[in-house]
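One structure is given below, encoded as structure tokens.
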Amino acid sequence: MPKDGGIGASTKRREDVRFLTGKGRYTDDINIRGQAHAWFVRSDVAHGTLNKVDVAAAEAMPGVLKVFTAADFAGVGGIPCGWQVTDRFGKPMLEPKHPVLAEGKVRHVGDPIAVVVAETLEQARDAAEAVEVDISELTPVLDMKAAIAADAPKVHEEIGSNLCYDWGFVEENKAAVEEAFKNAAHVTTLELVNNRLVANPMEPRVAVGDFDSAGGMHTLYTTSQNPHVIRLLMGAFVLGIPEHKLRVVAPDVGGGFGSKIYHYAEEAFVTFAAKTLNRPVKWTSTRSEAFISDAQGRDHVTKIELALDKDNNFTALRTETYANMGAYLSTFAPSIPTWLHGTLMAGNYRTPLIYVNVKAVFTNTVPVDAYRGAGRPEATFQLERLVDKAARELGVSPVELRRQNFIKPDQFPYQTPVAVVYDTGNYDATMDKLLEISDYAGFPARAAEAKARGKWRGFGVAHYIEACGIAPSNLVGQLGARAGLYESATVRVNATGSLSVFTGSHSHGQGHETSFAQVVAEMIGIDAGQIEIVHGDTSNTPMGMGTYGSRSLAVGGSAIVKATNKIINKAKKIAAHLLEASEADIELKDGKFSVAGTDKSVDWSGVTLAAYVPHNYPLESMEPGLEETAFYDPSNFTYPSGGYGCEVEVDPETGKVEIVAFSAADDFGNIVNPMIVEGQVQGGLAQGIGQALMENCVFDENGQLLSGSFMDYAMPRAEDVPFFKVDHSCVTPCTHNPLGVKGCGEAGAIGSPPAVVNAVIDAFHRAGRTDITHIDMPVSPARVWAALNG
Amino acid sequence: MYNFEFVKPSSIAEAVKALAEDGAQPLSGGQTLIPTLKQRLNQPDMLVSLTGIAEMKGIKAEGGALVIGGATPHAAVAAEAAAHYPALAALAGNIGDPAVRNRGTIGGSLANNDPSACYPSAALASGATIVTDRREIAADDYFQGMFATALDEGEIITAVRLPIPQKAAYVKFNQPASRFALTGVFVAKFADGVRVAITGASNDGVFRWAEAEAALSANFAPEALEGLSLSGDNMISDLHGTGPYRAHLCKVLAKRAVAAA
Ligand SMILES: Cc1cc2nc3c(=O)[nH]c(=O)nc-3n(C[C@H](O)[C@H](O)[C@H](O)COP(=O)(O)OP(=O)(O)OC[C@H]3O[C@@H](n4cnc5c(N)ncnc54)[C@H](O)[C@@H]3O)c2cc1C
């Protein structure tokens, strides 16, 4: 019987009541009495010397309080980077300065030069037009391979090179990998581009700074996925504000997909300006501004090679990737093409030898950082395209070549050659499930029917692995992270038995308020309605690391479990006292404490009341009250995996690709709320399909963004995606977290792009066009037509 | 947006008078104009709204033609033209999204003459007459290249008269991002011949494909276009498709339009 609450129930999302009825409270809904408005003057050229910024005329305009330039930030630190990668030769990456406002040079279209703060937004915009900016244009650095030539113009002269790092992983394996390629019976090679994406969350970024001059207290309201990290980075590294004088609030946040993880200049600006002007200062990004100031995603150029023996076993894998960093290092940018990408290159396979080389390059483009999946989609795309290509070259079924090389269920835990240890998984099971739900056996009949209509039908498979539940702090510390990646929770039980749970995770659409409450309700055996989940405010939640990397339930949920267990242990002691029994005999079931083997019991609220009205209470041995905090640091990543199948129809006349069916068989370990999981997968699939067929962030030869609005940047819409078949009945629970959960937030975006492109190539091949072995994303009608007629 | 004055006249005469002022500009559905104002790309002193003028709204069938008021929104055309001119109604019903169709108007679309807009192809293929506050202009003379028309300063489109063909169809291939026409072909068959108008493709804006018209006038069947082709040389080339791709689409879509008519 389906449950109507607790773990495993498809409880409707409680937060949707406010989101769907207009009662959500987003950052832009926050208006503080007396607030002034900020408008950023941004560079309209990609690369140039900033000769002069004259603000005199602008400052004389009506309503203008002040126009800020780099000079105002002379005593202030730059925007820090949160991860230091060490290169192949043991040297730290090159780390250029990232000023709050451009100093001496502008480095991408959108680079902030000056900020007007005025009484109204219109006055600020009017005055912004009067700011005189004198720039001498320089040749923009755009192509990554050309950028690392010795004589190329430099994005940052002071670091001497556009090569941020040249990373090799596992460097010690390099020679052995080369040897394996020499001895290979077959080598498959693929060169590809992983297209740059714009995150485009529904809600653009907003920052409101407030300053209480009497108490010296700063408050920043911001659209962030991790308010504590912003407090730490901005407080300690940029503005020098100690934590106890800085409160960061991220209220309802309308999506982030990674782009709201980072600390941005606009946040530091409003915080700084609020104190300077002694006025609250608000900035709301326009959609056009978001296109040139939010960190973007992907943008890799890769060559990947697979060596196989005569029996089609994978013997070695080698990659060379150029990863675009953009003009500055965004908060976690260096880690994405390295530790979140190289460590995934084993995929689901037993490839014994792997070598990954990544060259991270500065260019005069918008900075690039994590975007849903972050490094793992790039790894999965190249690997799953390559395996498909190998199968076609060898004349074997792409499904069977994968199966043959899968890590088998009895081989877990599995040590990969790229550092990570997979705890559990069953890839044959998810592949079987995929073939079942997608009716793989019936595909030839469907293809024949499509052919009669003049359409080329193709079936594409991809099987992915991801490393989620980020991350063991000591491990990531060794890898260069400048932060811990544990999570925190405080469980406060109120006197009459209801609970407030304060989590360091942050929900910006994921449904934490619902699923976290389900976990606690299950543990105590009370109604989920008794539990409130509180997040997003550094003034009331314990220091946490926020939400990204499919970590919230696996890491944040585990912290909640830990804290709730502490609560239950203490409550049992109180119950033992009240029931005059031994603590060891107390059982908690359905919200009732009873003495084993007797009919003596006290219910949950009887115990909680005793904790706060301690008249009959063991005060000599125990403090009153019922509130516990826990920090959970995972001992390993979690490894969700799954098989994805995409069925397309290609219109050979126009080149249009239609996705006619899409099936996903995932193993997310245990599931807390199946409905929420299904929604997360559907959203991820839509974004992955967007990348595969539609989305493309393109700069022209001058570094101008050509796809700078929704008129040219193609976002997927409902009509572009089919009804998804989503299954998560294959379960191999995670062995190292208390819930046995693995995380599901990114899977859809990771597994779907290669499935889509494999399906298109399959359609080509079935139609006799075996000459076309790859097509770069987005697989737009024009590109398909060009491939067919090129 | 910069500040501007706003007037909402209730007659064509009042509107024309208001538009005689320096810096005055007509505002119809605002679906094109308001976004440009928000981006501060345009700075009119005064906007003269046309949507309160009853004589510029509505659809009526008159002597084998459909007369549509210049301020009639796309949604009204989609609903009310269906019985008379289904291909035109279908075109209107496929412009933008419901909000755009409820606000955007036929007059605004024809005045703007976006090279990727849908209505210009219908007007040209139908051999429509553009009726203004001061004269009547044949569609063949009206469209003068991308965003360029025969309208004079301050002249407004009060109505459009579209002869109703025996058979017609519009096939639009969406630009993936904007969903305007990457290329769109309108084919209309009249007793005295076939007209084929193409939008979205040419650097010169909407145009008639003379060879296709001749071939289809002789034989109104998709096969009639088989041997024809257009050059991609003067076609729009952008992120979403090259000139040769658009030239290719013109033929594919023309054939599909003939089949659908
Ligand atoms: C999201 C979106 C999607 C769209 N998709 C499509 C599409 O798929 N196909 C398509 O064809 N169009 C599309 N459009 C454009 C839409 O059809 C507009 O409504 C149309 O281009 C302009 O009509 P309007 O009434 O809104 O004109 P306005 O925006 O009010 O005016 C446009 C211009 O015409 C002038 N003008 C307006 N009315 C008159 C008149 N009667 N006489 C003289 N000058 C006048 C104005 O001064 C202005 O310069 C889309 C628009 C949007 C916002």
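By convention here, the chains of the structure tokens are called A, B, ... in the order presented, each chain's residues are numbered starting at 1, and ligands are numbered starting at 1 in the order presented.
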Where does DSSP see helix (DSSP H, G or I) in stretch 35-82 of chain A, if you list the residues as a PyMOL selection string? chain A and resi 56-59+70-73
If we count only C-alpha atoms, what is near stretch 197-204 of chain B at a cut-off of 8 Å, once residues fewer than 2 positions away on the same chain are taken out, given as a VMD selection string? chain B and resid 115 to 118 120 to 122 124 to 125 144 to 146 181 to 187 195 206 to 209 234 to 236 243 246 to 247 250
What are the residues of chain B lining chain A at 9 Å or less? Count only C-alpha atoms, and put the answer as a ChimeraX atom specification. /B:1-2,173,175-180,239-242,245-246,248-249,252-253
Can I get the selected residues back with C-alpha atoms, as a compact mmCIF listing (two decimals), in the first residue's frame?
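So selection_37.txt came out as:
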# COMPACT_ATOMS: atom_id res chain seq x y z
CA MET B 1 12.41 53.06 -20.83
CA TYR B 2 12.63 56.81 -21.30
CA PHE B 173 9.74 26.46 -40.03
CA GLN B 175 13.67 29.56 -35.67
CA PRO B 176 14.47 27.41 -32.61
CA ALA B 177 14.87 30.28 -30.13
CA SER B 178 12.44 33.03 -31.13
CA ARG B 179 9.93 30.79 -32.91
CA PHE B 180 9.58 33.45 -35.59
CA LEU B 239 23.39 31.48 -35.91
CA HIS B 240 20.34 29.46 -36.90
CA GLY B 241 21.04 28.72 -40.52
CA THR B 242 23.13 29.63 -43.53
CA TYR B 245 20.08 26.17 -45.86
CA ARG B 246 17.36 28.81 -46.04
CA HIS B 248 16.83 24.81 -49.48
CA LEU B 249 14.06 25.28 -46.93
CA VAL B 252 10.90 22.10 -49.09
CA LEU B 253 8.35 24.33 -47.38
Name the residues, by chain letter and number, that sit within 7 Å of ligand 1 using only C-alpha atoms and all ligand atoms, and give them as a VMD selection string. chain B and resid 25 to 34 50 70 to 71 94 to 97 100 to 101 103 to 109 111 to 112 114 116 to 119 155 to 158 178 to 181
Applying 10 Å and only C-alpha atoms, which residues near A:Leu138 remain after dropping the ones on its own chain fewer than 2 positions away? List them as a PyMOL selection string. chain A and resi 45-49+105-107+135-136+140-141+153-155+702
Looking only at the backbone, which of the residues in stretch 428-611 of chain A does DSSP tag as strand (DSSP E or B), as number ranges by chain? A: 456-465, 468, 481, 487-493, 499-503, 531-534, 537, 586-589, 592-595, 601-603
By how many Å are atom CA of A:Tyr165 and atom CA of A:Val198 apart?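 Atom CA of A:Val198 lies at a distance of 24.0 Å from atom CA of A:Tyr165.
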Please, what distance in Å, to one decimal, runs between atom CA of A:Val85 and atom CA of A:Glu305?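 So the answer is 24.4 Å.
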Between atom CA of A:Cys81 and atom CA of A:Val368, measure the distance and give it in Å to one decimal.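 Those two atoms sit 12.5 Å apart.
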Nearest to A:Met234: which of A:Gly77, A:Gly606, A:Pro96, A:Gly110 is it, counting only C-alpha atoms?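 Residue with the minimum atom-to-atom distance to A:Met234: A:Gly77.
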Pick from A:Thr189, A:Ser224, A:Ser397, A:Ser335 nearest to A:Ser505, counting only C-alpha atoms: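 Selected residue with least distance to A:Ser505: A:Ser224.
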Ranking A:Phe662, A:Phe362, A:Tyr221, A:Tyr355 by minimum distance to A:Glu179 and counting only C-alpha atoms, which one comes first? A:Tyr355
Restricting the calculation to only C-alpha atoms, which member of A:Gly591, A:Ser729, A:Thr773, A:Lys451 is positioned closest to A:Glu649?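 Among the listed residues, A:Lys451 lies closest to A:Glu649.
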One residue among A:Gly254, A:Gly477, A:Pro201, A:Gly460 is nearest to A:Asp294 when using only C-alpha atoms, and that residue is A:Pro201
Residues at most 8 Å from A:Asn494, counting only C-alpha atoms, excluding those fewer than 5 positions away in the same chain, as a count of residues only? 4
